[in-house]
$ cat model14.pdb   # PDB, C-alpha atoms
ATOM      1  CA  MET A   1      83.426 106.672  82.388
ATOM      2  CA  GLU A   2      80.094 107.266  84.131
ATOM      3  CA  SER A   3      79.799 105.606  87.525
ATOM      4  CA  ARG A   4      76.842 103.443  88.446
ATOM      5  CA  PHE A   5      77.069 104.488  92.108
ATOM      6  CA  TYR A   6      75.316 107.822  92.502
ATOM      7  CA  LYS A   7      71.958 109.523  92.842
ATOM      8  CA  LYS A   8      70.839 112.840  91.364
ATOM      9  CA  ASN A   9      69.446 115.651  93.482
ATOM     10  CA  SER A  10      67.091 118.273  92.105
ATOM     11  CA  ASP A  11      69.752 121.021  92.307
ATOM     12  CA  GLN A  12      72.218 119.109  90.059
ATOM     13  CA  HIS A  13      74.238 117.992  93.059
ATOM     14  CA  LEU A  14      75.102 114.282  93.020
ATOM     15  CA  LEU A  15      75.177 111.882  95.955
ATOM     16  CA  CYS A  16      78.038 109.395  95.571
ATOM     17  CA  THR A  17      76.944 106.117  97.161
ATOM     18  CA  LEU A  18      80.241 104.233  97.023
ATOM     19  CA  CYS A  19      81.694 104.728 100.478
ATOM     20  CA  GLY A  20      80.984 105.852 104.007
ATOM     21  CA  HIS A  21      81.513 109.520 103.174
ATOM     22  CA  GLN A  22      78.376 109.659 100.987
ATOM     23  CA  CYS A  23      79.735 112.832  99.363
ATOM     24  CA  VAL A  24      77.233 115.317  97.946
ATOM     25  CA  ILE A  25      79.112 116.729  94.972
ATOM     26  CA  ALA A  26      78.353 120.087  93.398
ATOM     27  CA  PRO A  27      78.584 120.601  89.610
ATOM     28  CA  GLY A  28      82.191 120.715  88.429
ATOM     29  CA  LEU A  29      83.578 119.400  91.712
ATOM     30  CA  SER A  30      84.764 116.018  92.955
ATOM     31  CA  GLY A  31      84.278 114.006  96.129
ATOM     32  CA  ARG A  32      86.851 113.539  98.877
ATOM     33  CA  CYS A  33      88.720 110.941  96.826
ATOM     34  CA  ARG A  34      89.114 113.503  93.990
ATOM     35  CA  VAL A  35      88.670 110.841  91.317
ATOM     36  CA  ARG A  36      84.872 111.011  91.037
ATOM     37  CA  LEU A  37      83.699 114.205  89.304
ATOM     38  CA  ASN A  38      80.266 115.778  88.834
ATOM     39  CA  GLN A  39      80.441 116.594  85.141
ATOM     40  CA  ASP A  40      77.306 117.548  83.216
ATOM     41  CA  ALA A  41      75.153 116.158  86.036
ATOM     42  CA  ARG A  42      76.788 112.734  85.767
ATOM     43  CA  LEU A  43      79.287 111.212  88.159
ATOM     44  CA  GLN A  44      82.411 110.376  86.201
ATOM     45  CA  ALA A  45      85.003 107.861  87.433
ATOM     46  CA  LEU A  46      88.196 109.632  86.334
ATOM     47  CA  ASN A  47      90.395 106.648  87.148
ATOM     48  CA  TYR A  48      88.385 103.985  85.254
ATOM     49  CA  GLY A  49      90.884 101.687  83.537
ATOM     50  CA  ARG A  50      93.831 104.008  84.192
ATOM     51  CA  LEU A  51      96.145 101.557  85.917
ATOM     52  CA  LEU A  52      99.073 102.961  87.871
ATOM     53  CA  ALA A  53     100.301  99.535  88.945
ATOM     54  CA  ALA A  54      99.967  95.979  87.640
ATOM     55  CA  ASN A  55     102.139  93.180  89.032
ATOM     56  CA  ALA A  56     102.093  89.467  89.764
ATOM     57  CA  ASP A  57     102.453  88.974  93.529
ATOM     58  CA  PRO A  58     102.492  85.980  95.841
ATOM     59  CA  ILE A  59      99.049  85.817  97.403
ATOM     60  CA  GLU A  60     100.799  85.844 100.787
ATOM     61  CA  LYS A  61     101.844  89.450 100.063
ATOM     62  CA  LYS A  62      98.243  90.743 100.302
ATOM     63  CA  PRO A  63      98.534  89.320 103.014
ATOM     64  CA  LEU A  64      96.309  86.264 102.658
ATOM     65  CA  PHE A  65      97.672  83.187 104.417
ATOM     66  CA  HIS A  66      94.572  80.973 104.407
ATOM     67  CA  PHE A  67      93.330  81.489 100.849
ATOM     68  CA  LYS A  68      94.979  79.095  98.383
ATOM     69  CA  PRO A  69      98.519  79.614  99.719
ATOM     70  CA  GLY A  70     101.458  79.444  97.361
ATOM     71  CA  GLY A  71      99.543  80.915  94.432
ATOM     72  CA  SER A  72     100.143  84.154  92.574
ATOM     73  CA  SER A  73      97.705  87.009  92.115
ATOM     74  CA  PHE A  74      97.651  89.654  89.377
ATOM     75  CA  SER A  75      97.529  92.854  91.406
ATOM     76  CA  ILE A  76      96.187  96.095  89.942
ATOM     77  CA  ALA A  77      95.567  99.635  91.173
ATOM     78  CA  ALA A  78      94.156 102.925  89.945
ATOM     79  CA  ALA A  79      94.741 106.312  91.572
ATOM     80  CA  GLY A  80      93.005 107.500  94.680
ATOM     81  CA  CYS A  81      91.784 106.794  98.188
ATOM     82  CA  ASN A  82      88.894 107.873 100.382
ATOM     83  CA  PHE A  83      91.230 108.133 103.405
ATOM     84  CA  HIS A  84      94.185 110.443 103.999
ATOM     85  CA  CYS A  85      96.273 108.375 106.451
ATOM     86  CA  ASP A  86      99.486 110.215 107.264
ATOM     87  CA  PHE A  87     101.384 106.908 107.543
ATOM     88  CA  CYS A  88     100.331 105.564 104.116
ATOM     89  CA  GLN A  89     102.909 103.257 102.560
ATOM     90  CA  ASN A  90     101.534 103.774  99.027
ATOM     91  CA  TRP A  91     100.891 107.514  99.350
ATOM     92  CA  SER A  92     102.458 108.369  95.975
ATOM     93  CA  ILE A  93      99.573 106.649  94.147
ATOM     94  CA  SER A  94      96.809 106.778  96.759
ATOM     95  CA  GLN A  95      96.932 110.403  97.909
ATOM     96  CA  THR A  96      95.427 112.112  94.881
ATOM     97  CA  THR A  97      97.357 115.297  94.162
ATOM     98  CA  SER A  98      96.933 117.544  91.120
ATOM     99  CA  ALA A  99     100.148 116.104  89.686
ATOM    100  CA  LEU A 100      98.847 112.562  90.081
ATOM    101  CA  LEU A 101      95.555 113.486  88.402
ATOM    102  CA  LYS A 102      97.467 114.885  85.430
ATOM    103  CA  GLU A 103      99.535 111.699  85.240
ATOM    104  CA  ASN A 104      96.346 109.649  85.511
ATOM    105  CA  ALA A 105      94.814 111.484  82.520
ATOM    106  CA  ARG A 106      97.811 110.539  80.364
ATOM    107  CA  LEU A 107      97.632 106.822  81.161
ATOM    108  CA  PRO A 108      96.233 104.523  78.461
ATOM    109  CA  LEU A 109      92.888 102.841  79.076
ATOM    110  CA  THR A 110      93.269  99.189  80.046
ATOM    111  CA  ALA A 111      90.040  97.340  79.304
ATOM    112  CA  PRO A 112      88.825  94.773  81.877
ATOM    113  CA  ALA A 113      89.268  92.017  79.269
ATOM    114  CA  GLN A 114      92.951  92.955  79.001
ATOM    115  CA  VAL A 115      93.407  92.587  82.759
ATOM    116  CA  VAL A 116      91.878  89.100  82.724
ATOM    117  CA  ALA A 117      93.885  88.069  79.662
ATOM    118  CA  LYS A 118      97.124  89.227  81.286
ATOM    119  CA  ALA A 119      96.367  87.352  84.504
ATOM    120  CA  LEU A 120      95.750  84.150  82.558
ATOM    121  CA  THR A 121      98.822  84.614  80.365
ATOM    122  CA  ILE A 122     101.210  84.928  83.301
ATOM    123  CA  GLY A 123      99.622  82.024  85.170
ATOM    124  CA  CYS A 124      97.926  83.835  88.038
ATOM    125  CA  ALA A 125      95.019  82.158  89.822
ATOM    126  CA  SER A 126      93.373  85.402  90.916
ATOM    127  CA  ILE A 127      93.148  89.143  90.434
ATOM    128  CA  SER A 128      93.737  91.431  93.422
ATOM    129  CA  TYR A 129      92.425  94.972  93.608
ATOM    130  CA  THR A 130      94.989  96.531  95.880
ATOM    131  CA  TYR A 131      97.848  99.024  96.530
ATOM    132  CA  THR A 132      95.425 101.994  96.573
ATOM    133  CA  GLU A 133      91.784 101.803  97.726
ATOM    134  CA  PRO A 134      89.670  99.556  95.460
ATOM    135  CA  ILE A 135      86.407 101.226  96.447
ATOM    136  CA  VAL A 136      87.409 104.396  94.574
ATOM    137  CA  PHE A 137      87.844 102.378  91.357
ATOM    138  CA  TRP A 138      84.954 100.037  92.140
ATOM    139  CA  ASP A 139      83.128 100.395  88.797
ATOM    140  CA  TYR A 140      86.244  99.158  87.031
ATOM    141  CA  ALA A 141      86.970  96.481  89.638
ATOM    142  CA  LEU A 142      83.461  95.046  89.293
ATOM    143  CA  ASP A 143      83.755  94.900  85.502
ATOM    144  CA  CYS A 144      87.047  93.038  85.880
ATOM    145  CA  MET A 145      85.580  90.726  88.545
ATOM    146  CA  ALA A 146      82.711  89.614  86.320
ATOM    147  CA  LEU A 147      85.070  88.666  83.482
ATOM    148  CA  ALA A 148      87.533  87.075  85.899
ATOM    149  CA  LYS A 149      84.804  84.825  87.292
ATOM    150  CA  ASP A 150      83.848  83.728  83.785
ATOM    151  CA  ALA A 151      87.506  82.850  83.174
ATOM    152  CA  GLY A 152      87.812  80.783  86.378
ATOM    153  CA  LEU A 153      89.850  83.332  88.317
ATOM    154  CA  ASP A 154      89.297  84.356  91.929
ATOM    155  CA  ASN A 155      88.786  87.982  92.967
ATOM    156  CA  ILE A 156      90.493  89.541  95.974
ATOM    157  CA  VAL A 157      90.341  93.009  97.496
ATOM    158  CA  VAL A 158      92.772  94.652  99.882
ATOM    159  CA  SER A 159      90.797  97.530 101.353
ATOM    160  CA  ASN A 160      90.423  99.982 104.214
ATOM    161  CA  GLY A 161      86.868  98.667 104.599
ATOM    162  CA  PHE A 162      85.193 102.072 104.183
ATOM    163  CA  GLY A 163      82.878 100.896 101.416
ATOM    164  CA  SER A 164      79.129 101.378 101.565
ATOM    165  CA  PRO A 165      76.684  98.478 101.917
ATOM    166  CA  THR A 166      75.628  99.237  98.327
ATOM    167  CA  ALA A 167      79.181  98.864  97.052
ATOM    168  CA  TRP A 168      79.794  95.576  98.847
ATOM    169  CA  ARG A 169      76.433  94.137  97.731
ATOM    170  CA  ALA A 170      77.400  94.801  94.128
ATOM    171  CA  ALA A 171      80.272  92.309  94.575
ATOM    172  CA  GLN A 172      78.046  89.489  95.860
ATOM    173  CA  GLY A 173      78.995  86.293  94.051
ATOM    174  CA  LEU A 174      82.059  87.944  92.487
ATOM    175  CA  LEU A 175      84.333  88.582  95.465
ATOM    176  CA  ASP A 176      86.108  85.542  96.944
ATOM    177  CA  ALA A 177      88.500  86.907  99.552
ATOM    178  CA  ALA A 178      89.441  90.164 101.237
ATOM    179  CA  ASN A 179      92.103  91.505 103.520
ATOM    180  CA  ILE A 180      90.644  94.476 105.367
ATOM    181  CA  ASP A 181      92.676  96.972 107.364
ATOM    182  CA  LEU A 182      91.280  97.356 110.847
ATOM    183  CA  LYS A 183      93.646 100.196 111.581
ATOM    184  CA  ALA A 184      92.664 100.772 115.194
ATOM    185  CA  PHE A 185      89.802 100.211 117.587
ATOM    186  CA  ASP A 186      89.362 103.886 118.331
ATOM    187  CA  ASN A 187      87.070 106.250 116.445
ATOM    188  CA  ASP A 188      89.287 109.275 117.166
ATOM    189  CA  PHE A 189      92.140 107.528 115.363
ATOM    190  CA  TYR A 190      89.904 107.056 112.321
ATOM    191  CA  THR A 191      88.480 110.590 112.289
ATOM    192  CA  LYS A 192      91.686 112.524 113.026
ATOM    193  CA  ILE A 193      94.321 110.421 111.258
ATOM    194  CA  CYS A 194      92.459 108.623 108.487
ATOM    195  CA  GLY A 195      89.453 110.831 107.800
ATOM    196  CA  GLY A 196      86.920 108.049 108.316
ATOM    197  CA  ARG A 197      84.787 106.355 110.973
ATOM    198  CA  LEU A 198      85.394 103.095 112.785
ATOM    199  CA  SER A 199      81.716 102.105 112.704
ATOM    200  CA  VAL A 200      81.657 101.971 108.893
ATOM    201  CA  VAL A 201      84.647  99.614 108.827
ATOM    202  CA  LEU A 202      83.122  97.332 111.456
ATOM    203  CA  ASP A 203      79.838  97.213 109.544
ATOM    204  CA  SER A 204      81.734  96.367 106.348
ATOM    205  CA  LEU A 205      83.468  93.465 108.059
ATOM    206  CA  ARG A 206      80.172  92.110 109.329
ATOM    207  CA  GLN A 207      78.631  92.442 105.873
ATOM    208  CA  LEU A 208      81.508  90.757 104.060
ATOM    209  CA  LYS A 209      81.394  87.897 106.548
ATOM    210  CA  LYS A 210      77.665  87.409 105.867
ATOM    211  CA  MET A 211      78.362  87.492 102.122
ATOM    212  CA  GLY A 212      80.627  84.442 102.499
ATOM    213  CA  VAL A 213      83.838  86.272 101.572
ATOM    214  CA  TRP A 214      86.973  84.737 103.092
ATOM    215  CA  LEU A 215      88.261  87.443 105.463
ATOM    216  CA  GLU A 216      91.661  88.224 106.896
ATOM    217  CA  ILE A 217      92.414  91.336 108.965
ATOM    218  CA  THR A 218      95.520  93.531 109.049
ATOM    219  CA  THR A 219      96.543  96.051 111.703
ATOM    220  CA  LEU A 220      99.647  98.188 111.234
ATOM    221  CA  LEU A 221     100.847  98.711 114.788
ATOM    222  CA  ILE A 222     102.093 102.283 115.340
ATOM    223  CA  PRO A 223     103.714 102.977 118.718
ATOM    224  CA  GLY A 224     101.852 105.654 120.649
ATOM    225  CA  LEU A 225      98.827 105.635 118.340
ATOM    226  CA  ASN A 226      97.053 102.273 118.258
ATOM    227  CA  ASP A 227      99.156  99.956 120.437
ATOM    228  CA  ASP A 228      97.376 100.519 123.746
ATOM    229  CA  PRO A 229      96.871  97.074 125.322
ATOM    230  CA  ASP A 230      93.198  97.709 126.074
ATOM    231  CA  GLN A 231      92.560  98.813 122.491
ATOM    232  CA  LEU A 232      94.302  95.702 121.172
ATOM    233  CA  ARG A 233      92.223  93.567 123.534
ATOM    234  CA  ARG A 234      88.965  95.079 122.258
ATOM    235  CA  LEU A 235      90.063  94.784 118.628
ATOM    236  CA  ALA A 236      90.959  91.111 119.045
ATOM    237  CA  LEU A 237      87.663  90.422 120.825
ATOM    238  CA  PHE A 238      85.731  92.015 117.969
ATOM    239  CA  ILE A 239      87.439  89.700 115.470
ATOM    240  CA  ALA A 240      86.858  86.624 117.630
ATOM    241  CA  ASN A 241      83.268  87.350 118.661
ATOM    242  CA  GLU A 242      81.776  89.080 115.609
ATOM    243  CA  LEU A 243      83.732  87.472 112.781
ATOM    244  CA  SER A 244      85.240  84.184 113.954
ATOM    245  CA  PRO A 245      88.098  82.885 116.112
ATOM    246  CA  ASP A 246      89.325  81.359 112.821
ATOM    247  CA  THR A 247      89.726  84.780 111.163
ATOM    248  CA  PRO A 248      93.464  85.380 110.646
ATOM    249  CA  TRP A 249      94.796  88.614 112.166
ATOM    250  CA  HIS A 250      97.980  90.037 110.625
ATOM    251  CA  VAL A 251      99.758  92.443 112.960
ATOM    252  CA  SER A 252     102.399  94.340 111.037
ATOM    253  CA  ALA A 253     105.307  96.420 112.294
ATOM    254  CA  TYR A 254     105.312 100.120 111.397
ATOM    255  CA  ARG A 255     108.304 101.870 109.867
ATOM    256  CA  PRO A 256     108.302 105.676 109.487
ATOM    257  CA  ALA A 257     106.674 106.646 106.178
ATOM    258  CA  TYR A 258     105.008 109.569 104.409
ATOM    259  CA  LYS A 259     104.181 112.325 106.954
ATOM    260  CA  ARG A 260     104.452 110.365 110.190
ATOM    261  CA  ASN A 261     107.690 109.769 112.049
ATOM    262  CA  ASN A 262     106.727 107.740 115.116
ATOM    263  CA  PRO A 263     109.328 105.263 116.368
ATOM    264  CA  ALA A 264     109.402 101.944 114.550
ATOM    265  CA  THR A 265     107.377  99.149 116.128
ATOM    266  CA  GLY A 266     109.394  97.104 118.585
ATOM    267  CA  TYR A 267     109.079  93.369 119.058
ATOM    268  CA  GLU A 268     107.460  93.939 122.443
ATOM    269  CA  HIS A 269     104.535  95.767 120.801
ATOM    270  CA  LEU A 270     103.955  92.910 118.369
ATOM    271  CA  LEU A 271     104.142  90.336 121.129
ATOM    272  CA  CYS A 272     101.619  92.338 123.170
ATOM    273  CA  ALA A 273      99.204  92.200 120.223
ATOM    274  CA  SER A 274      99.863  88.482 119.789
ATOM    275  CA  GLU A 275      99.031  87.910 123.458
ATOM    276  CA  ALA A 276      95.818  89.946 123.090
ATOM    277  CA  GLY A 277      94.832  87.738 120.174
ATOM    278  CA  ARG A 278      95.579  84.571 122.134
ATOM    279  CA  LYS A 279      93.534  85.703 125.129
ATOM    280  CA  ALA A 280      90.628  86.645 122.860
ATOM    281  CA  GLY A 281      90.647  83.110 121.478
ATOM    282  CA  LEU A 282      91.991  83.855 118.002
ATOM    283  CA  HIS A 283      93.525  80.784 116.403
ATOM    284  CA  PHE A 284      95.737  82.544 113.867
ATOM    285  CA  VAL A 285      97.776  85.665 114.671
ATOM    286  CA  TYR A 286     100.601  86.519 112.272
ATOM    287  CA  LEU A 287     103.390  88.994 113.008
ATOM    288  CA  GLY A 288     104.726  90.731 109.921
ATOM    289  CA  ASN A 289     107.435  93.158 108.789
ATOM    290  CA  ALA A 290     109.655  92.122 111.680
ATOM    291  CA  PRO A 291     112.829  90.317 110.552
ATOM    292  CA  GLY A 292     113.945  87.684 113.012
ATOM    293  CA  LEU A 293     110.542  87.313 114.628
ATOM    294  CA  LYS A 294     108.917  84.138 113.347
ATOM    295  CA  GLY A 295     105.307  84.941 112.601
ATOM    296  CA  GLU A 296     104.768  83.436 109.166
ATOM    297  CA  ASN A 297     103.847  79.788 109.716
ATOM    298  CA  THR A 298     100.292  78.480 110.006
ATOM    299  CA  VAL A 299      99.926  76.261 113.042
ATOM    300  CA  CYS A 300      97.114  73.780 113.655
ATOM    301  CA  PRO A 301      95.073  75.189 116.556
ATOM    302  CA  ALA A 302      94.371  71.677 117.838
ATOM    303  CA  CYS A 303      97.836  70.084 118.007
ATOM    304  CA  GLN A 304     100.158  73.046 117.271
ATOM    305  CA  ALA A 305     101.848  71.275 114.351
ATOM    306  CA  VAL A 306     103.029  73.551 111.523
ATOM    307  CA  VAL A 307     100.615  72.921 108.651
ATOM    308  CA  VAL A 308     101.872  75.642 106.281
ATOM    309  CA  GLU A 309     105.543  76.520 106.534
ATOM    310  CA  ARG A 310     106.619  79.851 105.033
ATOM    311  CA  ARG A 311     109.779  81.830 104.548
ATOM    312  CA  GLY A 312     108.673  85.376 103.979
ATOM    313  CA  PHE A 313     106.026  85.216 101.237
ATOM    314  CA  THR A 314     107.182  81.814  99.991
ATOM    315  CA  VAL A 315     105.427  78.589 100.978
ATOM    316  CA  ILE A 316     108.057  75.964 101.815
ATOM    317  CA  ASN A 317     105.831  73.069 102.820
ATOM    318  CA  LYS A 318     102.161  72.214 103.382
ATOM    319  CA  ARG A 319     101.045  69.476 105.739
ATOM    320  CA  LEU A 320      97.351  69.450 104.954
ATOM    321  CA  ALA A 321      95.108  66.796 103.457
ATOM    322  CA  GLY A 322      92.439  68.991 101.930
ATOM    323  CA  ASP A 323      91.582  71.207 104.897
ATOM    324  CA  THR A 324      92.759  68.700 107.516
ATOM    325  CA  CYS A 325      95.939  68.672 109.588
ATOM    326  CA  THR A 326      97.920  65.561 108.658
ATOM    327  CA  ASN A 327      99.199  65.259 112.221
ATOM    328  CA  CYS A 328      95.917  65.170 114.157
ATOM    329  CA  GLN A 329      93.242  65.035 111.427
ATOM    330  CA  GLN A 330      91.518  68.200 112.678
ATOM    331  CA  PRO A 331      90.115  70.714 110.143
ATOM    332  CA  VAL A 332      92.063  73.960 109.747
ATOM    333  CA  ALA A 333      90.008  76.977 108.658
ATOM    334  CA  GLY A 334      90.781  78.364 105.213
ATOM    335  CA  VAL A 335      90.394  77.885 101.482
ATOM    336  CA  TRP A 336      93.209  75.479 100.767
ATOM    337  CA  ILE A 337      92.469  73.977  97.357
TER     338      ILE A 337
END

$ encode --input "model14.pdb" --output "structure tokens"
Amino acid sequence: MESRFYKKNSDQHLLCTLCGHQCVIAPGLSGRCRVRLNQDARLQALNYGRLLAANADPIEKKPLFHFKPGGSSFSIAAAGCNFHCDFCQNWSISQTTSALLKENARLPLTAPAQVVAKALTIGCASISYTYTEPIVFWDYALDCMALAKDAGLDNIVVSNGFGSPTAWRAAQGLLDAANIDLKAFDNDFYTKICGGRLSVVLDSLRQLKKMGVWLEITTLLIPGLNDDPDQLRRLALFIANELSPDTPWHVSAYRPAYKRNNPATGYEHLLCASEAGRKAGLHFVYLGNAPGLKGENTVCPACQAVVVERRGFTVINKRLAGDTCTNCQQPVAGVWI
């Protein structure tokens, strides 16, 4: 399928405009993600409609805690990523090897209308573009989003945030909510470990906020890499000052995965991040992937009453009247209906 996100150069090289890499792709070659190929002077999206994963998930699993909690989202993914994080939890479908490309070519084409029909059939309220990096299957995601909107479904992305302004603008009016990984607040971390740049991610967050997309942020806390207290302080201040103190920040515990074998995140690291969020003025900091450490409930920032009670990804009780705390009648930020 030919992509809509490229420009032709006079020498038959193509400029892919989808993400921060802005790859210039020679004839017969692909960009860094390996799923966008310069073929006959056209940029082909090799993963269009070739779904490697399709599941109904609790929306809390994205994680989104302030966007219509308790609902389910039809979650889909195609192969590829524009990062190469050595701690990737979904590396088997995101890190595009030759074997994965061969598997991808054998997958049947799933039309966007089929995705929407499946979501409606199984009673999901939204479609999530997730597991891998949605930007590298953005042509397909946008086609699904347009049909989903027509059918009354919400659209959600879970992304590393390395999309281009052009890519994000194409989702204006279609995209309802996003959880963006802000993996660190250090450009060296992004360049050496992820193969990206921090500035692009920060610009994406600012742009999505201006677009009116409901935003939540996730940081996987890796001991010795991105858990420095000063870095956590600066990250939390960015969220509070440039997005909003009401932007939920999900701090998740790392467990050794893929190529990286750092020690697992201890409770003390998570609590340090939580304290950084509190001092920055963030109203909602959630601690995840840490059994025994209660970090799942939504608490009213005014009176501290629990307004959404969770057990894992399951909503047990809601104490909200619309968007208002039933205990003190103060609004609680989110999309609750």

$ closest_atom_pairs --input "model14.pdb" --of "range 235-317 of chain A" --to "range 82-90 of chain A" --cutoff "8 Å" --atoms "all atoms listed in the file" --output "CSV"
residue,atom,partner,partner_atom,distance
A:Pro256,CA,A:Phe87,CA,7.3
A:Ala257,CA,A:Phe87,CA,5.5
A:Tyr258,CA,A:Phe87,CA,5.5
A:Lys259,CA,A:Asp86,CA,5.2
A:Arg260,CA,A:Phe87,CA,5.3

$ atom_distance --input "model14.pdb" --atom1 "CA of Gly70 in chain A" --atom2 "CA of Tyr254 in chain A"
25.3 Å

$ residues_near_point --input "model14.pdb" --point "(93.1, 109.8, 87.3)" --cutoff "6 Å" --atoms "only C-alpha atoms" --output "VMD selection string"
chain A and resid 46 to 47 79 101 104 to 105

$ atom_distance --input "model14.pdb" --atom1 "CA of Gly224 in chain A" --atom2 "CA of Ile180 in chain A"
22.0 Å

$ closest_atom_pairs --input "model14.pdb" --of "range 168-200 of chain A" --to "range 149-164 of chain A" --cutoff "9 Å" --atoms "only C-alpha atoms" --output "JSON lines"
{"residue": "A:Trp168", "atom": "CA", "partner": "A:Ser164", "partner_atom": "CA", "distance": 6.4}
{"residue": "A:Arg169", "atom": "CA", "partner": "A:Ser164", "partner_atom": "CA", "distance": 8.6}
{"residue": "A:Leu174", "atom": "CA", "partner": "A:Lys149", "partner_atom": "CA", "distance": 6.7}
{"residue": "A:Leu175", "atom": "CA", "partner": "A:Asn155", "partner_atom": "CA", "distance": 5.1}
{"residue": "A:Asp176", "atom": "CA", "partner": "A:Asn155", "partner_atom": "CA", "distance": 5.4}
{"residue": "A:Ala177", "atom": "CA", "partner": "A:Ile156", "partner_atom": "CA", "distance": 4.9}
{"residue": "A:Ala178", "atom": "CA", "partner": "A:Val157", "partner_atom": "CA", "distance": 4.8}
{"residue": "A:Asn179", "atom": "CA", "partner": "A:Val158", "partner_atom": "CA", "distance": 4.9}
{"residue": "A:Ile180", "atom": "CA", "partner": "A:Ser159", "partner_atom": "CA", "distance": 5.0}
{"residue": "A:Asp181", "atom": "CA", "partner": "A:Asn160", "partner_atom": "CA", "distance": 4.9}
{"residue": "A:Leu182", "atom": "CA", "partner": "A:Asn160", "partner_atom": "CA", "distance": 7.2}
{"residue": "A:Lys183", "atom": "CA", "partner": "A:Asn160", "partner_atom": "CA", "distance": 8.0}
{"residue": "A:Gly196", "atom": "CA", "partner": "A:Phe162", "partner_atom": "CA", "distance": 7.5}
{"residue": "A:Arg197", "atom": "CA", "partner": "A:Phe162", "partner_atom": "CA", "distance": 8.0}
{"residue": "A:Leu198", "atom": "CA", "partner": "A:Phe162", "partner_atom": "CA", "distance": 8.7}
{"residue": "A:Val200", "atom": "CA", "partner": "A:Phe162", "partner_atom": "CA", "distance": 5.9}

$ resolve_selection --input "model14.pdb" --expression "the PyMOL selection byres ((chain A and resi 266) around 12)" --output "list of chain:residue names"
A:Leu221, A:Ile222, A:Pro223, A:Gly224, A:Asp227, A:Ser252, A:Ala253, A:Tyr254, A:Arg255, A:Asn262, A:Pro263, A:Ala264, A:Thr265, A:Tyr267, A:Glu268, A:His269, A:Leu270, A:Leu271, A:Cys272, A:Ala273, A:Leu287, A:Gly288, A:Asn289, A:Ala290, A:Pro291, A:Gly292, A:Leu293

$ build_atoms --input "model14.pdb" --residues "range 136-147 of chain A" --atoms "N, CA and C atoms" --output "PDB file, in the coordinates of the input"
ATOM      1  N   VAL A 136      87.458 103.201  95.412  1.00  0.00           N
ATOM      2  CA  VAL A 136      87.409 104.396  94.574  1.00  0.00           C
ATOM      3  C   VAL A 136      87.601 104.073  93.088  1.00  0.00           C
ATOM      4  N   PHE A 137      87.920 102.800  92.775  1.00  0.00           N
ATOM      5  CA  PHE A 137      87.844 102.378  91.357  1.00  0.00           C
ATOM      6  C   PHE A 137      86.931 101.149  91.233  1.00  0.00           C
ATOM      7  N   TRP A 138      85.833 101.186  91.996  1.00  0.00           N
ATOM      8  CA  TRP A 138      84.954 100.037  92.140  1.00  0.00           C
ATOM      9  C   TRP A 138      84.212  99.691  90.854  1.00  0.00           C
ATOM     10  N   ASP A 139      83.801 100.693  90.066  1.00  0.00           N
ATOM     11  CA  ASP A 139      83.128 100.395  88.797  1.00  0.00           C
ATOM     12  C   ASP A 139      84.018  99.516  87.921  1.00  0.00           C
ATOM     13  N   TYR A 140      85.276  99.909  87.836  1.00  0.00           N
ATOM     14  CA  TYR A 140      86.244  99.158  87.031  1.00  0.00           C
ATOM     15  C   TYR A 140      86.512  97.785  87.643  1.00  0.00           C
ATOM     16  N   ALA A 141      86.703  97.758  88.971  1.00  0.00           N
ATOM     17  CA  ALA A 141      86.970  96.481  89.638  1.00  0.00           C
ATOM     18  C   ALA A 141      85.840  95.492  89.400  1.00  0.00           C
ATOM     19  N   LEU A 142      84.595  95.945  89.501  1.00  0.00           N
ATOM     20  CA  LEU A 142      83.461  95.046  89.293  1.00  0.00           C
ATOM     21  C   LEU A 142      83.414  94.516  87.868  1.00  0.00           C
ATOM     22  N   ASP A 143      83.729  95.366  86.895  1.00  0.00           N
ATOM     23  CA  ASP A 143      83.755  94.900  85.502  1.00  0.00           C
ATOM     24  C   ASP A 143      84.835  93.842  85.307  1.00  0.00           C
ATOM     25  N   CYS A 144      85.984  94.050  85.947  1.00  0.00           N
ATOM     26  CA  CYS A 144      87.047  93.038  85.880  1.00  0.00           C
ATOM     27  C   CYS A 144      86.628  91.754  86.588  1.00  0.00           C
ATOM     28  N   MET A 145      85.989  91.895  87.765  1.00  0.00           N
ATOM     29  CA  MET A 145      85.580  90.726  88.545  1.00  0.00           C
ATOM     30  C   MET A 145      84.643  89.818  87.758  1.00  0.00           C
ATOM     31  N   ALA A 146      83.684  90.419  87.063  1.00  0.00           N
ATOM     32  CA  ALA A 146      82.711  89.614  86.320  1.00  0.00           C
ATOM     33  C   ALA A 146      83.402  88.780  85.246  1.00  0.00           C
ATOM     34  N   LEU A 147      84.344  89.398  84.518  1.00  0.00           N
ATOM     35  CA  LEU A 147      85.070  88.666  83.482  1.00  0.00           C
ATOM     36  C   LEU A 147      86.021  87.640  84.094  1.00  0.00           C
TER      37      LEU A 147
END
